[in-house]
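Undergrad: See input-v5.txt below, with compact mmCIF, C-alpha atoms.
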```
# COMPACT_ATOMS: atom_id res chain seq x y z
CA MET A 1 -20.83 -56.55 -158.25
CA SER A 2 -23.14 -57.51 -155.39
CA ASP A 3 -26.84 -58.01 -156.00
CA ARG A 4 -27.54 -57.60 -152.27
CA LEU A 5 -30.51 -55.36 -151.56
CA PRO A 6 -29.90 -52.30 -149.38
CA SER A 7 -31.41 -52.81 -145.94
CA VAL A 8 -33.01 -50.66 -143.24
CA GLY A 9 -33.34 -51.73 -139.60
CA VAL A 10 -35.99 -50.10 -137.41
CA LEU A 11 -35.87 -50.20 -133.60
CA THR A 12 -39.02 -48.86 -131.97
CA GLY A 13 -39.61 -48.22 -128.29
CA ASN A 14 -43.08 -49.73 -128.69
CA VAL A 15 -44.82 -53.09 -128.64
CA VAL A 16 -46.26 -54.50 -131.85
CA GLY A 17 -49.87 -54.20 -130.66
CA ASP A 18 -49.70 -50.41 -130.16
CA PRO A 19 -52.03 -48.96 -132.87
CA GLY A 20 -50.54 -45.44 -132.75
CA ALA A 21 -47.00 -46.80 -133.14
CA GLN A 22 -48.09 -49.14 -135.94
CA MET A 23 -49.63 -46.19 -137.78
CA ARG A 24 -46.39 -44.19 -137.49
CA VAL A 25 -44.20 -47.06 -138.74
CA ASP A 26 -46.61 -47.41 -141.67
CA ALA A 27 -46.11 -43.69 -142.37
CA PHE A 28 -42.33 -44.26 -142.38
CA ARG A 29 -42.72 -47.18 -144.80
CA GLN A 30 -44.98 -45.05 -147.01
CA GLY A 31 -42.49 -42.16 -146.86
CA LEU A 32 -39.84 -44.49 -148.29
CA ALA A 33 -42.29 -45.82 -150.91
CA ASP A 34 -43.01 -42.22 -151.99
CA ARG A 35 -39.27 -41.90 -152.69
CA GLY A 36 -39.14 -45.10 -154.74
CA TRP A 37 -38.18 -47.62 -152.04
CA ILE A 38 -40.53 -50.61 -152.01
CA ALA A 39 -39.99 -53.05 -149.13
CA ASN A 40 -38.76 -56.51 -150.23
CA GLN A 41 -38.50 -55.31 -153.85
CA ASN A 42 -35.57 -52.90 -153.94
CA TYR A 43 -34.69 -52.83 -150.23
CA ARG A 44 -35.12 -54.98 -147.12
CA LEU A 45 -36.95 -53.65 -144.09
CA GLU A 46 -36.66 -55.20 -140.64
CA VAL A 47 -38.76 -53.74 -137.81
CA ARG A 48 -38.16 -54.72 -134.18
CA TRP A 49 -40.74 -54.05 -131.43
CA PRO A 50 -38.97 -54.58 -128.09
CA GLY A 51 -41.30 -52.28 -126.13
CA PRO A 52 -40.01 -49.91 -123.43
CA ASN A 53 -37.82 -52.41 -121.55
CA PRO A 54 -34.18 -51.16 -121.82
CA ALA A 55 -32.58 -54.63 -121.63
CA ARG A 56 -34.87 -55.88 -124.40
CA GLN A 57 -34.05 -52.83 -126.54
CA GLU A 58 -30.33 -53.41 -126.07
CA PHE A 59 -30.69 -57.06 -127.11
CA GLU A 60 -32.72 -56.19 -130.23
CA ALA A 61 -30.29 -53.37 -131.10
CA ARG A 62 -27.36 -55.79 -131.09
CA GLU A 63 -29.32 -58.26 -133.24
CA LEU A 64 -30.21 -55.56 -135.77
CA VAL A 65 -26.61 -54.35 -135.95
CA ALA A 66 -25.37 -57.94 -136.42
CA GLY A 67 -27.38 -58.03 -139.67
CA ALA A 68 -25.24 -55.12 -140.96
CA PRO A 69 -28.05 -52.90 -142.32
CA ASP A 70 -27.12 -49.86 -144.41
CA VAL A 71 -29.03 -47.51 -142.13
CA LEU A 72 -30.82 -47.74 -138.78
CA PHE A 73 -33.98 -45.88 -137.74
CA SER A 74 -34.98 -45.33 -134.10
CA THR A 75 -38.13 -43.89 -132.58
CA SER A 76 -37.32 -43.00 -128.95
CA THR A 77 -34.48 -41.78 -126.74
CA PRO A 78 -33.79 -45.23 -125.18
CA SER A 79 -33.92 -47.07 -128.54
CA THR A 80 -31.55 -44.48 -130.05
CA ARG A 81 -29.20 -44.93 -127.09
CA ALA A 82 -29.34 -48.73 -127.50
CA LEU A 83 -28.41 -48.47 -131.19
CA ARG A 84 -25.63 -45.96 -130.53
CA ASP A 85 -24.15 -48.33 -127.93
CA ALA A 86 -24.32 -51.18 -130.45
CA THR A 87 -22.63 -49.39 -133.37
CA GLN A 88 -20.50 -46.31 -133.95
CA THR A 89 -20.34 -46.83 -137.72
CA ILE A 90 -23.79 -47.64 -139.16
CA PRO A 91 -25.77 -44.39 -139.74
CA ILE A 92 -28.65 -43.93 -137.26
CA ILE A 93 -31.62 -41.67 -138.05
CA PHE A 94 -33.84 -40.86 -135.06
CA VAL A 95 -37.30 -39.32 -134.74
CA GLY A 96 -39.50 -38.16 -131.86
CA LEU A 97 -36.67 -37.38 -129.45
CA SER A 98 -36.74 -35.03 -126.47
CA ASP A 99 -33.77 -32.62 -126.67
CA PRO A 100 -30.99 -34.88 -128.06
CA VAL A 101 -28.29 -32.46 -126.82
CA GLY A 102 -29.63 -32.39 -123.25
CA THR A 103 -29.76 -36.19 -123.17
CA GLY A 104 -26.19 -36.46 -124.46
CA LEU A 105 -26.96 -38.17 -127.77
CA VAL A 106 -25.84 -35.32 -130.04
CA VAL A 107 -23.13 -32.70 -129.55
CA ASN A 108 -23.43 -30.58 -132.69
CA LEU A 109 -26.92 -30.03 -134.15
CA ALA A 110 -25.81 -28.36 -137.38
CA ARG A 111 -23.03 -30.80 -138.29
CA PRO A 112 -23.38 -34.16 -136.54
CA THR A 113 -19.99 -35.50 -135.49
CA SER A 114 -20.95 -39.13 -134.78
CA ASN A 115 -23.19 -41.61 -136.64
CA LEU A 116 -26.46 -40.05 -135.39
CA THR A 117 -28.82 -37.41 -136.72
CA GLY A 118 -32.55 -36.96 -137.15
CA PHE A 119 -35.59 -35.11 -135.85
CA SER A 120 -36.29 -33.84 -132.35
CA LEU A 121 -39.88 -33.42 -131.25
CA TYR A 122 -39.72 -31.53 -127.96
CA GLU A 123 -37.46 -29.26 -125.97
CA HIS A 124 -37.71 -29.55 -122.21
CA SER A 125 -39.20 -26.06 -121.80
CA MET A 126 -42.39 -27.59 -123.26
CA SER A 127 -43.39 -28.71 -119.77
CA GLY A 128 -44.06 -25.06 -118.94
CA LYS A 129 -46.35 -24.77 -121.96
CA TRP A 130 -48.26 -27.94 -121.01
CA LEU A 131 -48.74 -26.66 -117.46
CA SER A 132 -49.93 -23.22 -118.59
CA LEU A 133 -52.46 -24.77 -121.00
CA LEU A 134 -53.72 -27.06 -118.23
CA LYS A 135 -54.05 -24.07 -115.89
CA ASP A 136 -55.92 -22.11 -118.61
CA MET A 137 -58.32 -25.02 -118.98
CA VAL A 138 -58.78 -25.59 -115.23
CA PRO A 139 -58.07 -22.24 -113.49
CA GLY A 140 -58.94 -23.68 -110.07
CA ILE A 141 -56.10 -26.21 -109.87
CA ASN A 142 -53.08 -25.38 -107.73
CA GLN A 143 -51.21 -28.69 -108.05
CA ALA A 144 -50.00 -30.74 -111.01
CA ALA A 145 -47.92 -33.88 -111.41
CA LEU A 146 -45.71 -34.86 -114.37
CA LEU A 147 -46.34 -38.55 -115.13
CA PHE A 148 -43.50 -40.64 -116.61
CA ASN A 149 -41.68 -43.97 -116.45
CA PRO A 150 -38.09 -43.32 -115.22
CA GLU A 151 -36.73 -46.22 -117.29
CA SER A 152 -38.25 -45.37 -120.67
CA ALA A 153 -38.19 -41.57 -120.20
CA PRO A 154 -34.63 -40.87 -119.00
CA TYR A 155 -35.14 -37.21 -120.01
CA ALA A 156 -37.97 -36.67 -117.47
CA PRO A 157 -35.76 -34.80 -114.93
CA PHE A 158 -35.10 -32.08 -117.53
CA TYR A 159 -38.86 -31.57 -118.02
CA LEU A 160 -39.38 -31.51 -114.25
CA GLN A 161 -36.64 -28.91 -113.80
CA ALA A 162 -38.25 -26.67 -116.45
CA ALA A 163 -41.67 -27.20 -114.83
CA HIS A 164 -40.40 -26.09 -111.40
CA GLN A 165 -39.25 -22.82 -112.98
CA MET A 166 -42.89 -22.08 -113.89
CA GLU A 167 -44.42 -22.83 -110.46
CA ASN A 168 -44.56 -19.27 -109.13
CA ARG A 169 -45.73 -17.76 -112.40
CA LEU A 170 -48.60 -20.24 -112.74
CA GLY A 171 -49.44 -20.58 -109.05
CA LEU A 172 -48.95 -24.35 -109.28
CA LYS A 173 -47.07 -26.77 -107.06
CA VAL A 174 -45.45 -29.28 -109.43
CA THR A 175 -44.31 -32.79 -108.52
CA GLY A 176 -42.86 -35.69 -110.49
CA ALA A 177 -44.75 -38.98 -110.55
CA GLY A 178 -42.49 -41.84 -111.64
CA VAL A 179 -44.48 -44.98 -112.52
CA ARG A 180 -43.51 -48.36 -113.94
CA SER A 181 -46.85 -50.17 -114.28
CA GLY A 182 -50.60 -49.81 -114.78
CA PRO A 183 -51.36 -50.12 -111.04
CA GLU A 184 -48.83 -47.37 -110.28
CA ILE A 185 -50.48 -45.08 -112.87
CA ALA A 186 -53.83 -45.83 -111.19
CA GLY A 187 -52.33 -44.86 -107.83
CA VAL A 188 -51.17 -41.49 -109.19
CA ILE A 189 -54.62 -40.82 -110.68
CA GLU A 190 -56.30 -41.71 -107.36
CA ALA A 191 -53.98 -39.33 -105.52
CA ALA A 192 -54.68 -36.55 -108.08
CA ALA A 193 -58.43 -37.10 -107.63
CA ARG A 194 -58.08 -36.74 -103.83
CA ASP A 195 -55.89 -33.63 -104.08
CA GLY A 196 -57.77 -31.88 -106.88
CA SER A 197 -54.57 -32.03 -108.93
CA GLY A 198 -53.99 -32.07 -112.71
CA LEU A 199 -51.63 -34.31 -114.68
CA VAL A 200 -49.15 -33.75 -117.49
CA VAL A 201 -48.41 -37.06 -119.26
CA LEU A 202 -44.86 -36.69 -120.61
CA PRO A 203 -44.03 -38.01 -124.10
CA ASP A 204 -43.14 -41.67 -123.60
CA GLY A 205 -45.10 -43.68 -126.16
CA GLY A 206 -43.25 -46.94 -125.65
CA PHE A 207 -44.49 -47.23 -122.08
CA PHE A 208 -47.63 -45.15 -122.22
CA GLY A 209 -49.01 -46.46 -125.52
CA THR A 210 -49.90 -49.80 -123.94
CA GLN A 211 -51.40 -48.14 -120.84
CA SER A 212 -53.32 -45.33 -122.53
CA GLN A 213 -56.75 -46.97 -122.77
CA MET A 214 -56.83 -47.80 -119.07
CA THR A 215 -55.37 -44.41 -118.11
CA ILE A 216 -57.82 -42.34 -120.17
CA ALA A 217 -60.79 -44.33 -118.82
CA LEU A 218 -59.61 -43.90 -115.21
CA LEU A 219 -58.92 -40.17 -115.68
CA ALA A 220 -62.52 -39.76 -116.88
CA GLN A 221 -63.94 -41.90 -114.07
CA ARG A 222 -62.00 -40.05 -111.34
CA ARG A 223 -62.57 -36.66 -113.05
CA VAL A 224 -58.87 -35.75 -113.23
CA PRO A 225 -57.86 -33.19 -115.91
CA ALA A 226 -54.77 -34.16 -117.91
CA ILE A 227 -52.81 -32.87 -120.88
CA PHE A 228 -50.86 -35.12 -123.24
CA ALA A 229 -47.96 -34.47 -125.61
CA VAL A 230 -49.43 -36.48 -128.48
CA ARG A 231 -52.63 -35.82 -130.43
CA PHE A 232 -53.54 -39.53 -130.56
CA TYR A 233 -54.51 -39.53 -126.87
CA ALA A 234 -56.81 -36.48 -127.06
CA VAL A 235 -58.54 -37.96 -130.10
CA ASN A 236 -59.08 -41.17 -128.12
CA GLY A 237 -60.74 -39.59 -125.10
CA GLY A 238 -58.02 -37.62 -123.31
CA LEU A 239 -58.94 -34.04 -122.35
CA MET A 240 -56.33 -32.19 -124.39
CA SER A 241 -52.96 -32.45 -126.10
CA TYR A 242 -50.34 -30.03 -127.31
CA GLY A 243 -47.46 -31.11 -129.48
CA ALA A 244 -45.90 -31.48 -132.87
CA ASP A 245 -47.05 -33.96 -135.50
CA LEU A 246 -45.16 -37.13 -134.57
CA THR A 247 -46.42 -39.03 -137.62
CA GLN A 248 -44.98 -36.31 -139.87
CA GLN A 249 -41.58 -36.83 -138.22
CA PHE A 250 -41.67 -40.47 -139.33
CA ARG A 251 -42.24 -39.27 -142.92
CA ASP A 252 -39.41 -36.74 -142.55
CA GLY A 253 -37.21 -39.49 -141.12
CA ALA A 254 -37.89 -41.55 -144.26
CA GLY A 255 -36.47 -38.60 -146.23
CA TYR A 256 -33.18 -38.78 -144.31
CA VAL A 257 -33.04 -42.58 -144.64
CA ASP A 258 -33.55 -42.17 -148.40
CA ARG A 259 -30.66 -39.71 -148.58
CA VAL A 260 -28.33 -42.04 -146.65
CA LEU A 261 -29.30 -44.98 -148.89
CA ARG A 262 -28.39 -42.80 -151.88
CA GLY A 263 -24.96 -42.01 -150.43
CA ALA A 264 -25.37 -38.91 -148.25
CA GLU A 265 -23.06 -38.63 -145.26
CA ILE A 266 -24.52 -38.19 -141.77
CA ARG A 267 -22.53 -35.00 -141.12
CA THR A 268 -24.32 -33.27 -144.04
CA LEU A 269 -27.74 -33.92 -142.44
CA PRO A 270 -28.40 -31.50 -139.54
CA VAL A 271 -30.62 -32.38 -136.59
CA GLN A 272 -33.99 -30.72 -137.18
CA PHE A 273 -36.61 -29.59 -134.66
CA ALA A 274 -40.37 -29.63 -135.03
CA THR A 275 -41.67 -26.15 -135.89
CA ARG A 276 -45.46 -26.62 -136.00
CA PHE A 277 -47.40 -27.42 -132.84
CA GLU A 278 -51.11 -28.07 -132.47
CA LEU A 279 -53.52 -27.86 -129.56
CA VAL A 280 -56.28 -30.49 -129.56
CA ILE A 281 -59.23 -30.38 -127.15
CA ASN A 282 -61.71 -33.21 -126.73
CA MET A 283 -64.97 -31.29 -126.15
CA LYS A 284 -66.87 -34.38 -125.06
CA THR A 285 -64.34 -35.00 -122.30
CA ALA A 286 -64.24 -31.30 -121.32
CA ASN A 287 -68.05 -31.30 -121.00
CA ALA A 288 -68.01 -34.52 -118.98
CA LEU A 289 -65.53 -32.89 -116.57
CA GLY A 290 -67.76 -29.82 -116.33
CA LEU A 291 -65.10 -27.54 -117.84
CA ALA A 292 -65.94 -24.36 -119.74
CA VAL A 293 -63.23 -24.08 -122.39
CA PRO A 294 -61.96 -20.47 -122.48
CA ASN A 295 -62.31 -18.59 -125.77
CA ARG A 296 -58.57 -18.11 -126.23
CA LEU A 297 -58.13 -21.89 -126.25
CA LEU A 298 -61.17 -22.45 -128.49
CA MET A 299 -59.70 -20.08 -131.07
CA ASP A 300 -56.34 -21.91 -131.21
CA ALA A 301 -57.48 -25.52 -130.90
CA GLU A 302 -58.63 -28.33 -133.10
CA LEU A 303 -61.84 -29.43 -131.40
CA ILE A 304 -62.78 -33.11 -131.22
CA GLU A 305 -66.54 -33.43 -130.72
```
Would it be possible to restate this file's structure as structure tokens?

TA:
Amino acid sequence: MSDRLPSVGVLTGNVVGDPGAQMRVDAFRQGLADRGWIANQNYRLEVRWPGPNPARQEFEARELVAGAPDVLFSTSTPSTRALRDATQTIPIIFVGLSDPVGTGLVVNLARPTSNLTGFSLYEHSMSGKWLSLLKDMVPGINQAALLFNPESAPYAPFYLQAAHQMENRLGLKVTGAGVRSGPEIAGVIEAAARDGSGLVVLPDGGFFGTQSQMTIALLAQRRVPAIFAVRFYAVNGGLMSYGADLTQQFRDGAGYVDRVLRGAEIRTLPVQFATRFELVINMKTANALGLAVPNRLLMDAELIE
């Protein structure tokens, strides 16, 4: 009988210095601890932080798989894709994904047919909701851009397609703004300031997490209204966010990892979607932008003073 400890490999789409990502991985670790799994006591945990670069993610995925862990855990669409390309046998649990069927990662949500399952955070129709909330907050805008990195957010075209379907209803001209660096983000914000446009920052923590401080400061300086998919950014100075609790998905993901470690088969674990969404408004930022928050938003939102 082997005395080898079970092992879990984690592939994030983030860099190690990203405080939001660090907090979520800690929540995953705690979720396992709550189920009796203590790292380096009764299981081994290996966390890789390749950041949003696809080639780096593919390299780290192959290295993780070479260590033959019992289960893999991924935190973004590209990192899930990298792990899937590296192994068709080791179970992979994902969290925080945008529409895993639309992006071709999963075929059957109820009974997974490959080695992947997990928790999806957003469907692509959410871009319409983000735009309508932004328009509610800033009724005068008639243009909005969806901000994303084409490499780390391969699902962005689906969001853009859904956004275009809402243009007439909202009286907004919507464009896509693909960026790959801080200076390119700054360029989009400058253009939005000139045009009187708003921004929707698509969910893409691996890339955006490292750029968020600069972006939020520049949005405030150039007085550009923006909505984010993740609460963390509104709490840290962004105008508003609307989305599911990403940290909770990491805890839920720990539940699926626990079940696999105890012998559950992937096909018995359906893909689950977030069901609770929260609106967060940073009142200090709204006031600085000279925005009067409408009552219907005030009633639904968590307000950050």

Undergrad: In Å, rounded to a single decimal, give me how far CA of Ala68 in chain A is from CA of Arg48 in chain A.

TA: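 So the two atoms, CA of Arg48 in chain A and CA of Ala68 in chain A, lie 14.6 Å apart.
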
Undergrad: Just the number, please: distance in Å from CA of Arg231 in chain A to CA of Ala21 in chain A, one decimal.

TA: 12.6 Å

Undergrad: Select, from A:Gly238, A:Gly178, A:Pro69, A:Pro150, the residue with the minimum atom-to-atom distance to Val47 in chain A, counting all atoms listed in the file.

TA: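 Closest to Val47 in chain A, using all atoms listed in the file: A:Pro69.
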
Undergrad: Please provide as a PyMOL selection string all residues within 8 Å of Thr285 in chain A, with the sequence filter that same-chain residues fewer than 6 positions apart are discarded (counting all atoms listed in the file).

TA: chain A and resi 220+237-239

Undergrad: Quick one: write out the picked residues with C-alpha atoms as a short mmCIF file (atom, residue, chain, number, x, y, z; two decimals), keeping the file's coordinate frame?

TA:
```cif
data_model
loop_
_atom_site.label_atom_id
_atom_site.label_comp_id
_atom_site.auth_asym_id
_atom_site.auth_seq_id
_atom_site.Cartn_x
_atom_site.Cartn_y
_atom_site.Cartn_z
CA ALA A 220 -62.52 -39.76 -116.88
CA GLY A 237 -60.74 -39.59 -125.10
CA GLY A 238 -58.02 -37.62 -123.31
CA LEU A 239 -58.94 -34.04 -122.35
#
```

Undergrad: If we count all atoms listed in the file, what is near Ser79 in chain A at a cut-off of 10 Å, once residues fewer than 3 positions away on the same chain are taken out, given as a list in words?

TA: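 So, after excluding close chain neighbours, the residues are Val10, Leu11, Thr12, Gly13, Asn14, Pro50, Gly51, Pro52, Asn53, Pro54, Arg56, Gln57, Glu58, Glu60, Ala61, Phe73, Ser74, Thr75, Ser76, Ala82, Leu83, Arg84, Asp85, Phe94, Ser152 and Gly206 of chain A.
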
Undergrad: Set the distance at 12 Å and use all atoms listed in the file: which residues neighbour Leu45 in chain A once local chain neighbours fewer than 3 positions away are removed? I'd like the list as a PyMOL selection string.

TA: chain A and resi 5-11+25-26+28-29+32-33+37-42+48+64+67+69-73+257

Undergrad: Here is a test: counting only C-alpha atoms, which residue of A:Ala217, A:Ala288, A:Met299, A:Ile93 is nearest to Pro112 in chain A?

TA: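 Of A:Ala217, A:Ala288, A:Met299, A:Ile93, the one nearest Pro112 in chain A, counting only C-alpha atoms, is A:Ile93.
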
Undergrad: Can you list, as a PyMOL selection string, every protein, DNA or RNA residue that comes within 8 Å of range 97-104 of chain A when you count all atoms listed in the file, leaving out same-chain residues fewer than 3 positions away?

TA: chain A and resi 75-77+94+107-109+119-124+154-155+158

Undergrad: I'd like the neighbourhood of Gly243 in chain A as a compact mmCIF listing (two decimals) with C-alpha atoms, in the frame of the given file, where a residue qualifies if any of its atoms comes within 9 Å (using only C-alpha atoms), though same-chain residues fewer than 3 positions away should be ignored.

TA:
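Output saved as out27.txt:
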```txt
# COMPACT_ATOMS: atom_id res chain seq x y z
CA LEU A 121 -39.88 -33.42 -131.25
CA TYR A 122 -39.72 -31.53 -127.96
CA MET A 126 -42.39 -27.59 -123.26
CA PHE A 228 -50.86 -35.12 -123.24
CA ALA A 229 -47.96 -34.47 -125.61
CA VAL A 230 -49.43 -36.48 -128.48
CA ARG A 231 -52.63 -35.82 -130.43
CA LEU A 246 -45.16 -37.13 -134.57
CA ARG A 276 -45.46 -26.62 -136.00
CA PHE A 277 -47.40 -27.42 -132.84
CA GLU A 278 -51.11 -28.07 -132.47
CA LEU A 279 -53.52 -27.86 -129.56
CA VAL A 280 -56.28 -30.49 -129.56
```

Undergrad: Do you have the CA of Pro19 in chain A-CA of Gly198 in chain A distance handy?

TA: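 Taking CA of Pro19 in chain A and CA of Gly198 in chain A, their separation equals 26.4 Å.
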
Undergrad: Between A:Val188, A:Phe148, A:Ser127, A:Ala153, which residue has the minimum interatomic distance to Glu167 in chain A, considering only C-alpha atoms?

TA: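 Among A:Val188, A:Phe148, A:Ser127, A:Ala153, it is A:Ser127 that comes nearest to Glu167 in chain A.
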
Undergrad: Counting only C-alpha atoms, figure out which residue out of A:Asp252, A:Asp34, A:Asp18, A:Asp136 gets nearest to Trp49 in chain A.

TA: A:Asp18
